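> Quick one: this structure, given as structure tokens, is what I'll be asking you about.
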Amino acid sequence: MNTELLLSNFRNYINLTAEEEQEILPYISERKFKRGDYINAEGEVNRFTNFIVEGSARVYFIDPQGYEHVVQLGIPNGWVGDFPSFITQTPATMYTEALEKTTTLSFSYDDLQMLYEKVPKMERFFRLLIQRAYASFHKRTLQALSMDAEQRYIAFAEAYPQMNQQVSAKHIASYIGISPEFLSTIKKRILLRQREQRKAPK
């Protein structure tokens with residue numbers, strides 16, 4: 001189990017001693033999923049918070065009309081899951097699905113509570129992580145209200161270039177609230193504009 005990517009993620013927010021890092025290791029669970037596996041399912045309490053080290057995943061809900069809506073996309077070096085269910089330990093309202101062969105390093109809810117006692121800095125880490133997730137959600141809400149579809153896609157591609165390459169267009173389209181067909185049209189429009197700009201005299 002390679003934990004270096006996870007430990008590096010911690011170091012972006014908190015300063016851990018070598019001894020504290022060693023104390024964290026026994027609480028980490030490596031979990032492997034095949035494409036299409038549920039990391040957590042609607043209606044079940046989400047028992048784990050998951051850090052992706054390989055693969056990709058999406059978090060989505062199904063509306064009363066049966067349509068899927070992607071609310072989060074995850075790739076390596078990111079956290080994924082139904083966070084409200086995990087935090088409150090109540091039944092999930094969303095699915096978290098592996099989009100390909102995916103490996104996570106995860107903490108169970110109960111283990112995390114014990115870890116907070118053993119390494120208090122970890123409580124600060126997850127507080128900062130949740131604050132950042134809330135800020136990202138707020139920014140996305142404002143973009144949905146103030147930007148057209150092309151602007152939303154450009155903002156997504158600039159903010160998450162690796163995700164734009166790794167995740168299928170179908171899921172990206174759902175994430176930004178448009179159809180895959182319209183996303184294809186937007187990409188063609190952007191590509192044509194870039195070509196025209198390169199041809200324009202300097």
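Chain identifiers are assigned as A, B, and so on, following the order in which chains appear in the structure tokens; residues are numbered from 1 within each chain, and ligands are numbered from 1 in order of appearance.
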What's the 12 Å shell around stretch 140-144 of chain A, counting only C-alpha atoms, without same-chain residues fewer than 5 positions away, as a PyMOL selection string?

chain A and resi 71-72+133-135+149-156+159+175-178

> Those same residues, written as a short mmCIF file (atom, residue, chain, number, x, y, z; two decimals), in the first residue's frame with N, CA and C atoms?


data_model
loop_
_atom_site.label_atom_id
_atom_site.label_comp_id
_atom_site.auth_asym_id
_atom_site.auth_seq_id
_atom_site.Cartn_x
_atom_site.Cartn_y
_atom_site.Cartn_z
N VAL A 71 -22.61 15.54 -9.32
CA VAL A 71 -22.31 16.67 -8.44
C VAL A 71 -20.83 16.74 -8.07
N GLN A 72 -20.09 15.66 -8.31
CA GLN A 72 -18.65 15.68 -8.02
C GLN A 72 -17.95 14.68 -8.92
N ALA A 133 -14.21 22.30 0.23
CA ALA A 133 -15.27 21.69 -0.57
C ALA A 133 -16.49 22.59 -0.61
N TYR A 134 -16.82 23.22 0.53
CA TYR A 134 -17.96 24.13 0.57
C TYR A 134 -17.71 25.34 -0.33
N ALA A 135 -16.49 25.89 -0.27
CA ALA A 135 -16.16 27.05 -1.10
C ALA A 135 -16.26 26.69 -2.59
N ALA A 149 -23.28 28.04 -20.93
CA ALA A 149 -22.71 26.69 -20.95
C ALA A 149 -21.25 26.68 -21.38
N GLU A 150 -20.91 27.46 -22.40
CA GLU A 150 -19.52 27.48 -22.86
C GLU A 150 -18.60 28.05 -21.79
N GLN A 151 -19.02 29.10 -21.14
CA GLN A 151 -18.20 29.68 -20.07
C GLN A 151 -18.00 28.69 -18.93
N ARG A 152 -19.04 27.92 -18.60
CA ARG A 152 -18.93 26.92 -17.53
C ARG A 152 -17.94 25.82 -17.92
N TYR A 153 -17.99 25.40 -19.18
CA TYR A 153 -17.05 24.37 -19.62
C TYR A 153 -15.62 24.89 -19.60
N ILE A 154 -15.40 26.10 -20.09
CA ILE A 154 -14.05 26.68 -20.10
C ILE A 154 -13.52 26.81 -18.68
N ALA A 155 -14.38 27.26 -17.75
CA ALA A 155 -13.97 27.39 -16.35
C ALA A 155 -13.59 26.03 -15.77
N PHE A 156 -14.38 25.01 -16.10
CA PHE A 156 -14.08 23.65 -15.64
C PHE A 156 -12.75 23.17 -16.20
N ALA A 159 -9.82 24.94 -14.58
CA ALA A 159 -9.63 24.60 -13.17
C ALA A 159 -9.17 23.15 -12.99
N TYR A 175 -21.92 17.16 -15.14
CA TYR A 175 -21.39 17.97 -14.04
C TYR A 175 -21.65 19.45 -14.26
N ILE A 176 -21.52 19.91 -15.51
CA ILE A 176 -21.73 21.34 -15.77
C ILE A 176 -23.16 21.64 -16.22
N GLY A 177 -24.00 20.61 -16.24
CA GLY A 177 -25.43 20.84 -16.45
C GLY A 177 -25.89 20.98 -17.89
N ILE A 178 -25.24 20.25 -18.82
CA ILE A 178 -25.66 20.29 -20.21
C ILE A 178 -25.67 18.86 -20.77
#

> Could you pull out the helix (DSSP H, G or I) residues of stretch 2-189 of chain A, going by DSSP on the backbone, and write them as a PyMOL selection string?

chain A and resi 4-11+18-27+83-88+109-118+121-146+149-159+161-166+169-176+180-189

> Quick one: pick out all strand (DSSP E) residues within stretch 36-159 of chain A from a backbone DSSP run and write them as a ChimeraX atom specification.

/A:38-40,48-54,57-62,68-74,79-80,95-98,102-108

> With only C-alpha atoms as the basis for distance, which of A:Thr102, A:Ser136, A:Ser168, A:Thr49 is at the shortest distance from A:Pro76?

A:Thr102

> Give me the residues near A:Lys32 as a count of residues only, where near means some atom within 8 Å (using only C-alpha atoms) and where sequence neighbours in that chain fewer than 5 positions away do not count.

4

> Can you work out which one of A:Ile186, A:Leu5, A:Leu25, A:Arg31 has the shortest atom-to-atom distance to A:Asp148, counting only C-alpha atoms?

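Ranking A:Ile186, A:Leu5, A:Leu25, A:Arg31 by distance to A:Asp148, first place goes to A:Ile186.
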
> Using only C-alpha atoms, find the one residue out of A:Pro180, A:Gly43, A:Gly74, A:Gly36 that sits nearest to A:Arg58.

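Once distances to A:Arg58 are computed over only C-alpha atoms, the minimum belongs to A:Gly74.
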
> To one decimal in Å, tell me the separation between atom CA of A:Phe107 and atom CA of A:Ala57.

17.1 Å

> Give me the residues near A:Lys121 as number ranges by chain, where near means some atom within 7 Å (using only C-alpha atoms) and where sequence neighbours in that chain fewer than 3 positions away do not count.

A: 14, 124-125

> Between atom CA of A:Leu129 and atom CA of A:Asn9, what is the distance in Å, rounded to a tenth?

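Separating atom CA of A:Leu129 from atom CA of A:Asn9 is a distance of 10.4 Å.
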
> In Å, rounded to a single decimal, give me how far atom CA of A:Ala98 is from atom CA of A:Gly55.

7.6 Å

> Pick the closest to A:Leu115 from A:Asn15, A:Ser56, A:Gln22, A:Ser8: which is it, counting only C-alpha atoms?

A:Gln22

> For A:Ile130, which residue out of A:Phe61, A:Ile87, A:Leu192, A:Leu183 is the nearest one, using only C-alpha atoms?

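Among the listed residues, A:Ile87 lies closest to A:Ile130.
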
> Neighbours of stretch 89-91 of chain A within 10 Å (only C-alpha atoms; same-chain residues fewer than 3 positions away dropped), as a VMD selection string?

chain A and resid 41 to 48 82 to 86 94 109
